[in-house]
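Novice: Encoded as structure tokens, here's the structure I'll be asking about.
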Amino acid sequence: MLLVDVARTSQKIAATTARSKKTALLADLFREMTPAEAPLVVSYLSGRLPQRKIGVGWTAFKEPPPPAGRATLTVAGLHDTFDRIAAVAGKGAQAERKRLVQELLAAATEDELRLIFGLVGGELRQGALDALAAEGLAAAVGAEPAAVRRAVMLAGRLDVVAQALMAEGVAALDAFRLDVGRPVQPMLAKTAKDVDEALDLLGPCVVEEKLDGIRVQVHRDGESVRIFTRTLDEITLRLPEVVAAAKELASDRVVLDGEVIALDTAGRPRPFQDIAGRVGSKLDVEGARAALPLFPVFFDLLAVDGRDLLDLPARDRHAELARIAPEPRRVRRQLVDDPDDVQQRESARQFAARTLERGHEGVVVKALDSPYSAGRRGASWLKVKPVHTLDLVVLAAEWGHGRRTGKLSNLHLGARRSDGTFAMLGKTFKGLTDAVLAWQTGKLQELRTDDDGWVVHVRPELVVEIAFDGVQRSPRYPEGVTLRFARVVRYREDKTADEADTVETVLGLLPPTARAGEEP
């Protein structure tokens, strides 16, 4: 398949808001791909590189030669080139990567260049996410969309299902089932503004602690235990505590969903960043374990004793979890079987308040009758947590690509120091509507002090309200901190830069154990 066909489909998808039209465009393209091409095409249209990283960033692509006049690149050819770039190592690696990049760009048409830039920059915003691609695959082969979505959930990967469907047709779906040892995509939660809203939406439910740790999926088959992250990467060897906990369960064949956390000497949760650092450590696991012991807490059970529990209601799955896991290994929870009962509703609010007092980040409210809809952000789980906001100053912005070509997109955010200068805290391009993008592009160009073709530096005058989930330590930024999951709420033209929030305010939002002077 020619790459230009994928690129043009990508542009058409970006240009339409109708889900049915997007699905039809995807189905038309998918019908033309071979089984070998299927994993590549669905990955590209979902904005992902199969290689994940290729050893070069956006700057290597920012000065392309003139576009080719004729389309010759193929999907397989692009994949092969990215493989070759990723494999370059040793003396002269930088020059060789640059040569391969320039060779690729010289062969690309204008449409293909847009696709390549979006893939490399991770900013291919076109609405062809996995759920939509699954519907397109279903339409291409004549399958039920729900059956394809379930297969993706159980396979853990859209590209694997796509290849099987294109090779075998609808019959391929029968091969995808829940197997101990093969991870499935985790169920995700949507957001509610508070506990009362969640209760009103869900009816009979349970309120659980929302732990700020690393999501883990634990598979035990006899003495064999395997542990997977939310992104389905295996991390078994890094977490001996979780392996030991799994072997203590009253069943030797299970699949569990849970969280790994760490506690300080007072029993309060350690910062997420400490946990992420421990889980990410591959060397001297025993030393890392001694320095920061981890504690697994389970909140769902997907399979037990050879039985698939995915379609059972949450109340039944938890009953099975309570049967096999001791109480310390289960998340704290508050049952609300009648949300209209005033006393039960007040108990739910108090449980949420106590959860925050214990240092956790909020609660998740789950409908008692909900199945485990893996891989989907459904309406049966609703997370409730405080949203922090800061008024920060825009220090710079990066030119966008893909749908945001020609727009200033990724904002560099700064907090005010006591001497009147500004400390960068991080970046965000989230929360920006097309209207805001257009407005901020014009406004920031009026404040421009420098433009290197990638980053536009501006006078620190424009104040923007930023929502975020917390503050964490980071050596990448001058004050040693950054914001977690920052997104734009609105611009504050009613405020001047000297009214922006200060570095001291930001540092005050660090979890107690993450503040300066304390041991990690």
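The way I read the labels, and the way they are meant: chains A, B, ... in the order of the structure tokens, residue 1 as the first residue of every chain, and ligand 1 as the first ligand shown, with later ones counted on from there.
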Taking the DSSP secondary structure from the backbone, can you list the residues of stretch 119-187 of chain A that are alpha helix (DSSP H), as a ChimeraX atom specification?
Specialist: /A:119-121,130-141,145-155,158-168
Novice: Running DSSP on the backbone, which parts of stretch 311-384 of chain A land in strand (DSSP E or B), as a PyMOL selection string?
Specialist: chain A and resi 330+333-336+362-367+377-384
Novice: Stretch 337-349 of chain A: which residues within 10 Å, counting only C-alpha atoms, same-chain residues fewer than 6 positions away excluded, as a short mmCIF file (atom, residue, chain, number, x, y, z; two decimals) with all heavy atoms, in the first residue's frame?
Specialist:
```
data_model
loop_
_atom_site.label_atom_id
_atom_site.label_comp_id
_atom_site.auth_asym_id
_atom_site.auth_seq_id
_atom_site.Cartn_x
_atom_site.Cartn_y
_atom_site.Cartn_z
N ASP A 194 -17.99 15.64 41.57
CA ASP A 194 -17.99 15.36 43.00
C ASP A 194 -18.70 14.04 43.25
O ASP A 194 -19.24 13.41 42.33
CB ASP A 194 -18.63 16.50 43.80
CG ASP A 194 -20.03 16.86 43.33
OD1 ASP A 194 -20.76 15.94 42.90
OD2 ASP A 194 -20.39 18.04 43.39
N VAL A 195 -18.69 13.61 44.50
CA VAL A 195 -19.29 12.32 44.85
C VAL A 195 -20.79 12.32 44.57
O VAL A 195 -21.33 11.32 44.07
CB VAL A 195 -19.01 12.00 46.34
CG1 VAL A 195 -19.84 10.79 46.79
CG2 VAL A 195 -17.53 11.72 46.54
N ASP A 196 -21.47 13.43 44.87
CA ASP A 196 -22.92 13.46 44.66
C ASP A 196 -23.27 13.27 43.18
O ASP A 196 -24.22 12.54 42.86
CB ASP A 196 -23.48 14.79 45.17
CG ASP A 196 -23.57 14.82 46.69
OD1 ASP A 196 -24.35 14.04 47.24
OD2 ASP A 196 -22.83 15.60 47.31
N ALA A 198 -21.54 11.65 40.98
CA ALA A 198 -21.28 10.25 40.65
C ALA A 198 -22.40 9.34 41.14
O ALA A 198 -22.84 8.44 40.43
CB ALA A 198 -19.94 9.83 41.25
N LEU A 199 -22.88 9.58 42.36
CA LEU A 199 -23.97 8.77 42.90
C LEU A 199 -25.24 8.93 42.07
O LEU A 199 -25.97 7.96 41.82
CB LEU A 199 -24.24 9.14 44.36
CG LEU A 199 -23.11 8.92 45.37
CD1 LEU A 199 -23.55 9.37 46.75
CD2 LEU A 199 -22.69 7.46 45.39
N ASP A 200 -25.52 10.16 41.66
CA ASP A 200 -26.71 10.42 40.86
C ASP A 200 -26.65 9.70 39.52
O ASP A 200 -27.66 9.21 39.00
CB ASP A 200 -26.88 11.92 40.63
CG ASP A 200 -27.24 12.68 41.89
OD1 ASP A 200 -27.74 12.04 42.83
OD2 ASP A 200 -27.00 13.90 41.94
N LEU A 201 -25.46 9.62 38.94
CA LEU A 201 -25.30 9.01 37.62
C LEU A 201 -25.31 7.49 37.67
O LEU A 201 -25.81 6.84 36.75
CB LEU A 201 -24.00 9.50 36.98
CG LEU A 201 -23.95 10.95 36.53
CD1 LEU A 201 -22.53 11.36 36.16
CD2 LEU A 201 -24.89 11.16 35.35
N LEU A 202 -24.78 6.91 38.75
CA LEU A 202 -24.54 5.46 38.77
C LEU A 202 -25.61 4.65 39.49
O LEU A 202 -25.79 3.47 39.20
CB LEU A 202 -23.18 5.16 39.40
CG LEU A 202 -21.96 5.68 38.65
CD1 LEU A 202 -20.68 5.26 39.36
CD2 LEU A 202 -21.95 5.20 37.21
N GLY A 203 -26.31 5.23 40.44
CA GLY A 203 -27.24 4.43 41.23
C GLY A 203 -26.46 3.57 42.22
O GLY A 203 -25.42 4.00 42.74
N PRO A 204 -26.93 2.35 42.53
CA PRO A 204 -26.23 1.49 43.49
C PRO A 204 -24.76 1.33 43.09
O PRO A 204 -24.45 0.97 41.95
CB PRO A 204 -26.99 0.17 43.41
CG PRO A 204 -28.37 0.58 42.98
CD PRO A 204 -28.17 1.73 42.03
N CYS A 205 -23.86 1.60 44.03
CA CYS A 205 -22.45 1.66 43.66
C CYS A 205 -21.58 1.42 44.88
O CYS A 205 -22.06 1.19 46.00
CB CYS A 205 -22.12 3.02 43.05
SG CYS A 205 -22.45 4.41 44.16
N VAL A 206 -20.29 1.50 44.65
CA VAL A 206 -19.32 1.43 45.73
C VAL A 206 -18.32 2.55 45.51
O VAL A 206 -17.97 2.89 44.38
CB VAL A 206 -18.61 0.06 45.76
CG1 VAL A 206 -17.79 -0.17 44.50
CG2 VAL A 206 -17.75 -0.08 46.99
N VAL A 207 -17.88 3.17 46.61
CA VAL A 207 -16.88 4.24 46.54
C VAL A 207 -15.56 3.66 47.04
O VAL A 207 -15.48 3.16 48.16
CB VAL A 207 -17.30 5.45 47.42
CG1 VAL A 207 -16.30 6.59 47.25
CG2 VAL A 207 -18.70 5.92 47.06
N GLU A 208 -14.53 3.72 46.18
CA GLU A 208 -13.24 3.14 46.52
C GLU A 208 -12.16 4.22 46.56
O GLU A 208 -12.25 5.23 45.86
CB GLU A 208 -12.83 2.08 45.49
CG GLU A 208 -13.72 0.87 45.45
CD GLU A 208 -13.26 -0.17 44.45
OE1 GLU A 208 -12.34 0.12 43.66
OE2 GLU A 208 -13.83 -1.27 44.46
N THR A 355 -10.43 9.73 52.75
CA THR A 355 -9.45 9.25 51.78
C THR A 355 -8.44 10.34 51.46
O THR A 355 -7.23 10.10 51.40
CB THR A 355 -10.16 8.78 50.49
OG1 THR A 355 -11.02 7.68 50.80
CG2 THR A 355 -9.16 8.36 49.43
N VAL A 363 -11.28 9.43 44.96
CA VAL A 363 -12.03 8.18 45.00
C VAL A 363 -12.47 7.81 43.58
O VAL A 363 -12.51 8.66 42.69
CB VAL A 363 -13.26 8.26 45.92
CG1 VAL A 363 -12.85 8.47 47.37
CG2 VAL A 363 -14.22 9.38 45.47
N VAL A 365 -15.85 5.89 41.95
CA VAL A 365 -17.19 5.39 42.24
C VAL A 365 -17.57 4.43 41.12
O VAL A 365 -17.50 4.77 39.94
CB VAL A 365 -18.20 6.55 42.34
CG1 VAL A 365 -19.55 6.03 42.80
CG2 VAL A 365 -17.68 7.63 43.30
N ALA A 367 -20.30 1.45 39.55
CA ALA A 367 -21.63 0.86 39.56
C ALA A 367 -21.55 -0.61 39.93
O ALA A 367 -20.72 -1.35 39.41
CB ALA A 367 -22.28 1.03 38.19
N LEU A 368 -22.42 -1.05 40.84
CA LEU A 368 -22.37 -2.43 41.32
C LEU A 368 -22.72 -3.45 40.24
O LEU A 368 -22.32 -4.62 40.34
CB LEU A 368 -23.32 -2.60 42.51
CG LEU A 368 -22.89 -1.93 43.82
CD1 LEU A 368 -23.99 -2.09 44.86
CD2 LEU A 368 -21.59 -2.53 44.31
#
```
Novice: If we count only C-alpha atoms and set the cut-off at 8 Å, which residues sit around stretch 268-285 of chain A, ignoring sequence neighbours fewer than 6 positions away in its own chain? Please answer as a PyMOL selection string.
Specialist: chain A and resi 212-214+235+237-239+260-262+292+294+358-360+472-473+511+513-514+520
Novice: Please identify every residue of stretch 350-452 of chain A that has at least one atom no farther than 8 Å from an atom of stretch 480-494 of chain A, counting only C-alpha atoms, and for each give the shortest atom pair and the distance in Å to one decimal, arranged by chain then increasing number, as JSON lines.
Specialist:
```
{"residue": "A:Asp391", "atom": "CA", "partner": "A:Arg492", "partner_atom": "CA", "distance": 7.8}
{"residue": "A:Leu425", "atom": "CA", "partner": "A:Thr482", "partner_atom": "CA", "distance": 4.8}
{"residue": "A:Gly426", "atom": "CA", "partner": "A:Thr482", "partner_atom": "CA", "distance": 5.7}
{"residue": "A:Lys427", "atom": "CA", "partner": "A:Ala486", "partner_atom": "CA", "distance": 7.7}
{"residue": "A:Thr428", "atom": "CA", "partner": "A:Ala486", "partner_atom": "CA", "distance": 6.0}
{"residue": "A:Phe429", "atom": "CA", "partner": "A:Arg487", "partner_atom": "CA", "distance": 7.0}
{"residue": "A:Lys430", "atom": "CA", "partner": "A:Arg487", "partner_atom": "CA", "distance": 4.8}
{"residue": "A:Gly431", "atom": "CA", "partner": "A:Val488", "partner_atom": "CA", "distance": 4.8}
{"residue": "A:Leu432", "atom": "CA", "partner": "A:Val488", "partner_atom": "CA", "distance": 6.4}
```
Novice: Let me see the file: selected residues, N, CA, C and O atoms, as a PDB file, in the first residue's frame.
Specialist:
```
ATOM      1  N   ASP A 391      -2.559  30.101  38.032  1.00  0.00           N
ATOM      2  CA  ASP A 391      -2.438  31.111  36.984  1.00  0.00           C
ATOM      3  C   ASP A 391      -0.953  31.248  36.667  1.00  0.00           C
ATOM      4  O   ASP A 391      -0.164  31.718  37.500  1.00  0.00           O
ATOM      5  N   LEU A 425       7.860  25.473  34.440  1.00  0.00           N
ATOM      6  CA  LEU A 425       7.359  24.314  35.178  1.00  0.00           C
ATOM      7  C   LEU A 425       7.031  23.132  34.280  1.00  0.00           C
ATOM      8  O   LEU A 425       6.786  22.029  34.786  1.00  0.00           O
ATOM      9  N   GLY A 426       6.969  23.362  32.976  1.00  0.00           N
ATOM     10  CA  GLY A 426       6.588  22.282  32.074  1.00  0.00           C
ATOM     11  C   GLY A 426       5.873  22.817  30.854  1.00  0.00           C
ATOM     12  O   GLY A 426       5.853  24.021  30.592  1.00  0.00           O
ATOM     13  N   LYS A 427       5.276  21.895  30.099  1.00  0.00           N
ATOM     14  CA  LYS A 427       4.593  22.238  28.861  1.00  0.00           C
ATOM     15  C   LYS A 427       3.217  21.578  28.825  1.00  0.00           C
ATOM     16  O   LYS A 427       2.985  20.570  29.491  1.00  0.00           O
ATOM     17  N   THR A 428       2.334  22.122  28.005  1.00  0.00           N
ATOM     18  CA  THR A 428       1.072  21.435  27.718  1.00  0.00           C
ATOM     19  C   THR A 428       0.484  21.932  26.410  1.00  0.00           C
ATOM     20  O   THR A 428       0.626  23.097  26.049  1.00  0.00           O
ATOM     21  N   PHE A 429      -0.162  21.006  25.691  1.00  0.00           N
ATOM     22  CA  PHE A 429      -0.970  21.372  24.532  1.00  0.00           C
ATOM     23  C   PHE A 429      -2.410  20.892  24.723  1.00  0.00           C
ATOM     24  O   PHE A 429      -3.227  20.965  23.821  1.00  0.00           O
ATOM     25  N   LYS A 430      -2.720  20.398  25.923  1.00  0.00           N
ATOM     26  CA  LYS A 430      -4.044  19.826  26.175  1.00  0.00           C
ATOM     27  C   LYS A 430      -5.041  20.919  26.566  1.00  0.00           C
ATOM     28  O   LYS A 430      -4.683  21.914  27.180  1.00  0.00           O
ATOM     29  N   GLY A 431      -6.306  20.685  26.201  1.00  0.00           N
ATOM     30  CA  GLY A 431      -7.375  21.601  26.562  1.00  0.00           C
ATOM     31  C   GLY A 431      -7.580  22.743  25.587  1.00  0.00           C
ATOM     32  O   GLY A 431      -8.428  23.612  25.826  1.00  0.00           O
ATOM     33  N   LEU A 432      -6.835  22.743  24.489  1.00  0.00           N
ATOM     34  CA  LEU A 432      -6.912  23.854  23.537  1.00  0.00           C
ATOM     35  C   LEU A 432      -7.921  23.559  22.436  1.00  0.00           C
ATOM     36  O   LEU A 432      -7.758  22.612  21.668  1.00  0.00           O
TER      37      LEU A 432
END
```
Novice: For each of A:Leu132, A:Val394, A:Arg332, A:Gly420, take the minimum atom-to-atom distance to A:Ala18, counting only C-alpha atoms, then give the residue where this is smallest.
Specialist: A:Leu132
Novice: With only C-alpha atoms as the atoms that count, which of A:Glu327, A:Asp501, A:Asp179, A:Asp419 lies nearest to A:Leu310?
Specialist: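 Residue with the minimum atom-to-atom distance to A:Leu310: A:Asp179.
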Novice: Take atom CA of A:Glu63 and atom CA of A:Leu104 and report the distance between them in Å, one decimal.
Specialist: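 According to the coordinates, atom CA of A:Glu63 and atom CA of A:Leu104 are separated by 12.5 Å.
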Novice: With only C-alpha atoms as the counted atoms, please give the residues lying no more than 12 Å from A:Arg315, apart from itself and same-chain residues fewer than 6 positions off, as a PyMOL selection string.
Specialist: chain A and resi 204-206+299-301+309+321-322+333+335-337+366-372
Novice: Please write the residues from the selection above to a file, keeping N, CA, C and O atoms, as a PDB file, in the first residue's frame.
Specialist:
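Saved file again.pdb follows:
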```
ATOM      1  N   PRO A 204     -26.930   2.353  42.533  1.00  0.00           N
ATOM      2  CA  PRO A 204     -26.227   1.494  43.487  1.00  0.00           C
ATOM      3  C   PRO A 204     -24.761   1.328  43.093  1.00  0.00           C
ATOM      4  O   PRO A 204     -24.454   0.973  41.949  1.00  0.00           O
ATOM      5  N   CYS A 205     -23.863   1.596  44.033  1.00  0.00           N
ATOM      6  CA  CYS A 205     -22.448   1.660  43.665  1.00  0.00           C
ATOM      7  C   CYS A 205     -21.575   1.419  44.882  1.00  0.00           C
ATOM      8  O   CYS A 205     -22.060   1.194  45.995  1.00  0.00           O
ATOM      9  N   VAL A 206     -20.285   1.499  44.652  1.00  0.00           N
ATOM     10  CA  VAL A 206     -19.317   1.430  45.727  1.00  0.00           C
ATOM     11  C   VAL A 206     -18.315   2.555  45.511  1.00  0.00           C
ATOM     12  O   VAL A 206     -17.967   2.890  44.376  1.00  0.00           O
ATOM     13  N   PHE A 299      -8.080  -4.185  43.416  1.00  0.00           N
ATOM     14  CA  PHE A 299      -9.458  -3.694  43.443  1.00  0.00           C
ATOM     15  C   PHE A 299     -10.385  -4.418  42.483  1.00  0.00           C
ATOM     16  O   PHE A 299     -11.586  -4.146  42.468  1.00  0.00           O
ATOM     17  N   ASP A 300      -9.869  -5.353  41.695  1.00  0.00           N
ATOM     18  CA  ASP A 300     -10.762  -6.096  40.803  1.00  0.00           C
ATOM     19  C   ASP A 300     -10.146  -7.454  40.488  1.00  0.00           C
ATOM     20  O   ASP A 300      -8.928  -7.651  40.591  1.00  0.00           O
ATOM     21  N   LEU A 301     -11.027  -8.377  40.106  1.00  0.00           N
ATOM     22  CA  LEU A 301     -10.638  -9.744  39.779  1.00  0.00           C
ATOM     23  C   LEU A 301     -11.243 -10.101  38.428  1.00  0.00           C
ATOM     24  O   LEU A 301     -12.460 -10.073  38.259  1.00  0.00           O
ATOM     25  N   LEU A 309     -14.321 -13.802  34.578  1.00  0.00           N
ATOM     26  CA  LEU A 309     -15.289 -13.011  35.347  1.00  0.00           C
ATOM     27  C   LEU A 309     -15.636 -11.680  34.679  1.00  0.00           C
ATOM     28  O   LEU A 309     -16.371 -10.884  35.265  1.00  0.00           O
ATOM     29  N   LEU A 321     -13.062 -11.645  44.859  1.00  0.00           N
ATOM     30  CA  LEU A 321     -11.801 -11.065  45.300  1.00  0.00           C
ATOM     31  C   LEU A 321     -11.660 -11.164  46.814  1.00  0.00           C
ATOM     32  O   LEU A 321     -10.594 -11.518  47.335  1.00  0.00           O
ATOM     33  N   ALA A 322     -12.743 -10.869  47.532  1.00  0.00           N
ATOM     34  CA  ALA A 322     -12.717 -10.943  48.992  1.00  0.00           C
ATOM     35  C   ALA A 322     -12.495 -12.378  49.470  1.00  0.00           C
ATOM     36  O   ALA A 322     -11.919 -12.604  50.543  1.00  0.00           O
ATOM     37  N   ARG A 333     -13.151   0.527  50.704  1.00  0.00           N
ATOM     38  CA  ARG A 333     -14.341   0.853  49.911  1.00  0.00           C
ATOM     39  C   ARG A 333     -15.529   1.122  50.825  1.00  0.00           C
ATOM     40  O   ARG A 333     -15.568   0.660  51.967  1.00  0.00           O
ATOM     41  N   LEU A 335     -19.736   0.879  50.581  1.00  0.00           N
ATOM     42  CA  LEU A 335     -20.885   0.444  49.798  1.00  0.00           C
ATOM     43  C   LEU A 335     -22.006   1.477  49.886  1.00  0.00           C
ATOM     44  O   LEU A 335     -22.319   1.984  50.966  1.00  0.00           O
ATOM     45  N   VAL A 336     -22.614   1.780  48.730  1.00  0.00           N
ATOM     46  CA  VAL A 336     -23.782   2.680  48.676  1.00  0.00           C
ATOM     47  C   VAL A 336     -24.829   1.975  47.815  1.00  0.00           C
ATOM     48  O   VAL A 336     -24.939   2.205  46.613  1.00  0.00           O
ATOM     49  N   ASP A 337     -25.596   1.075  48.425  1.00  0.00           N
ATOM     50  CA  ASP A 337     -26.568   0.329  47.625  1.00  0.00           C
ATOM     51  C   ASP A 337     -27.861   1.099  47.408  1.00  0.00           C
ATOM     52  O   ASP A 337     -28.703   0.712  46.595  1.00  0.00           O
ATOM     53  N   LYS A 366     -17.967   3.194  41.502  1.00  0.00           N
ATOM     54  CA  LYS A 366     -18.196   2.133  40.522  1.00  0.00           C
ATOM     55  C   LYS A 366     -19.598   1.558  40.670  1.00  0.00           C
ATOM     56  O   LYS A 366     -20.014   1.203  41.782  1.00  0.00           O
ATOM     57  N   ALA A 367     -20.295   1.454  39.555  1.00  0.00           N
ATOM     58  CA  ALA A 367     -21.632   0.865  39.562  1.00  0.00           C
ATOM     59  C   ALA A 367     -21.550  -0.607  39.929  1.00  0.00           C
ATOM     60  O   ALA A 367     -20.715  -1.355  39.406  1.00  0.00           O
ATOM     61  N   LEU A 368     -22.418  -1.053  40.837  1.00  0.00           N
ATOM     62  CA  LEU A 368     -22.369  -2.431  41.317  1.00  0.00           C
ATOM     63  C   LEU A 368     -22.721  -3.447  40.243  1.00  0.00           C
ATOM     64  O   LEU A 368     -22.323  -4.616  40.339  1.00  0.00           O
ATOM     65  N   ASP A 369     -23.490  -3.028  39.230  1.00  0.00           N
ATOM     66  CA  ASP A 369     -23.906  -3.983  38.200  1.00  0.00           C
ATOM     67  C   ASP A 369     -23.020  -3.942  36.955  1.00  0.00           C
ATOM     68  O   ASP A 369     -23.330  -4.570  35.941  1.00  0.00           O
ATOM     69  N   SER A 370     -21.892  -3.228  37.012  1.00  0.00           N
ATOM     70  CA  SER A 370     -21.092  -3.026  35.799  1.00  0.00           C
ATOM     71  C   SER A 370     -20.158  -4.201  35.529  1.00  0.00           C
ATOM     72  O   SER A 370     -19.492  -4.707  36.442  1.00  0.00           O
ATOM     73  N   PRO A 371     -20.084  -4.651  34.268  1.00  0.00           N
ATOM     74  CA  PRO A 371     -19.077  -5.639  33.895  1.00  0.00           C
ATOM     75  C   PRO A 371     -17.715  -4.958  33.789  1.00  0.00           C
ATOM     76  O   PRO A 371     -17.614  -3.741  33.887  1.00  0.00           O
ATOM     77  N   TYR A 372     -16.676  -5.754  33.593  1.00  0.00           N
ATOM     78  CA  TYR A 372     -15.332  -5.197  33.412  1.00  0.00           C
ATOM     79  C   TYR A 372     -15.144  -4.936  31.924  1.00  0.00           C
ATOM     80  O   TYR A 372     -14.857  -5.836  31.141  1.00  0.00           O
TER      81      TYR A 372
END
```
Novice: Grab the atom CA of A:Gln334 to atom CA of A:Arg354 distance for me, in Å with one decimal place.
Specialist: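 Separation between atom CA of A:Gln334 and atom CA of A:Arg354: 11.4 Å.
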Novice: Identify, on the basis of only C-alpha atoms, every residue whose closest approach to A:Asp221 does not exceed 10 Å; exclude the query and any residue fewer than 5 positions from it along the same chain; express the result as a PyMOL selection string.
Specialist: chain A and resi 180-181+226+246-247+251-255+305-306
Novice: For all heavy atoms, I'd like the residues from the last selection saved as a CSV table (one decimal), in the first residue's frame.
Specialist:
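Final output, saved to again_1.csv:
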```
chain,number,residue,atom,x,y,z
A,180,VAL,N,-4.8,-16.7,31.3
A,180,VAL,CA,-3.8,-16.3,32.3
A,180,VAL,C,-2.4,-16.2,31.7
A,180,VAL,O,-2.0,-17.2,31.0
A,180,VAL,CB,-3.9,-17.3,33.5
A,180,VAL,CG1,-2.8,-17.0,34.5
A,180,VAL,CG2,-5.3,-17.4,34.1
A,181,GLY,N,-1.8,-15.1,31.9
A,181,GLY,CA,-0.4,-14.9,31.3
A,181,GLY,C,-0.4,-14.0,30.2
A,181,GLY,O,0.6,-13.5,29.8
A,226,ARG,N,3.2,-13.4,36.6
A,226,ARG,CA,3.6,-12.3,35.7
A,226,ARG,C,2.9,-11.0,36.0
A,226,ARG,O,1.7,-11.1,36.3
A,226,ARG,CB,3.4,-12.7,34.2
A,226,ARG,CG,4.1,-14.0,33.8
A,226,ARG,CD,3.8,-14.4,32.4
A,226,ARG,NE,4.5,-13.5,31.5
A,226,ARG,CZ,4.3,-13.5,30.2
A,226,ARG,NH1,3.5,-14.3,29.6
A,226,ARG,NH2,5.0,-12.6,29.4
A,246,ALA,N,1.0,-12.3,45.3
A,246,ALA,CA,0.2,-13.1,44.5
A,246,ALA,C,0.2,-14.6,44.9
A,246,ALA,O,-0.8,-15.3,44.9
A,246,ALA,CB,0.7,-13.0,43.0
A,247,LYS,N,1.4,-15.0,45.4
A,247,LYS,CA,1.5,-16.4,45.8
A,247,LYS,C,0.8,-16.7,47.2
A,247,LYS,O,0.7,-17.8,47.6
A,247,LYS,CB,3.0,-16.8,45.9
A,247,LYS,CG,3.6,-16.9,44.5
A,247,LYS,CD,5.0,-17.3,44.6
A,247,LYS,CE,5.6,-17.5,43.2
A,247,LYS,NZ,7.0,-18.0,43.2
A,251,SER,N,-6.0,-18.8,45.8
A,251,SER,CA,-6.2,-19.4,44.5
A,251,SER,C,-4.9,-19.3,43.7
A,251,SER,O,-4.2,-18.3,43.8
A,251,SER,CB,-7.3,-18.6,43.7
A,251,SER,OG,-7.4,-19.1,42.3
A,252,ASP,N,-4.6,-20.4,43.0
A,252,ASP,CA,-3.3,-20.4,42.2
A,252,ASP,C,-3.5,-20.1,40.8
A,252,ASP,O,-2.6,-20.3,40.0
A,252,ASP,CB,-2.6,-21.7,42.5
A,252,ASP,CG,-3.4,-22.9,41.9
A,252,ASP,OD1,-4.5,-22.7,41.3
A,252,ASP,OD2,-2.9,-24.1,42.0
A,253,ARG,N,-4.7,-19.7,40.4
A,253,ARG,CA,-4.9,-19.4,38.9
A,253,ARG,C,-5.9,-18.1,38.9
A,253,ARG,O,-7.1,-18.3,38.9
A,253,ARG,CB,-5.5,-20.5,38.2
A,253,ARG,CG,-5.6,-20.3,36.7
A,253,ARG,CD,-5.9,-21.6,35.9
A,253,ARG,NE,-6.1,-21.4,34.5
A,253,ARG,CZ,-5.1,-21.2,33.6
A,253,ARG,NH1,-3.9,-21.3,34.0
A,253,ARG,NH2,-5.4,-21.0,32.3
A,254,VAL,N,-5.3,-17.0,38.8
A,254,VAL,CA,-6.0,-15.7,38.9
A,254,VAL,C,-5.5,-14.6,37.9
A,254,VAL,O,-4.3,-14.7,37.5
A,254,VAL,CB,-6.0,-15.1,40.3
A,254,VAL,CG1,-6.7,-16.1,41.3
A,254,VAL,CG2,-4.6,-14.9,40.8
A,255,VAL,N,-6.3,-13.7,37.6
A,255,VAL,CA,-5.9,-12.4,37.0
A,255,VAL,C,-6.5,-11.3,37.8
A,255,VAL,O,-7.8,-11.2,37.9
A,255,VAL,CB,-6.4,-12.3,35.5
A,255,VAL,CG1,-6.0,-11.0,34.9
A,255,VAL,CG2,-5.9,-13.5,34.7
A,305,ASP,N,-9.6,-19.4,39.1
A,305,ASP,CA,-9.9,-20.9,39.1
A,305,ASP,C,-10.4,-21.3,37.7
A,305,ASP,O,-11.3,-22.1,37.6
A,305,ASP,CB,-10.9,-21.3,40.2
A,305,ASP,CG,-10.3,-20.9,41.6
A,305,ASP,OD1,-9.1,-20.9,41.7
A,305,ASP,OD2,-11.2,-20.7,42.4
A,306,GLY,N,-9.9,-20.7,36.7
A,306,GLY,CA,-10.3,-21.1,35.3
A,306,GLY,C,-11.6,-20.5,34.8
A,306,GLY,O,-12.0,-20.8,33.7
```
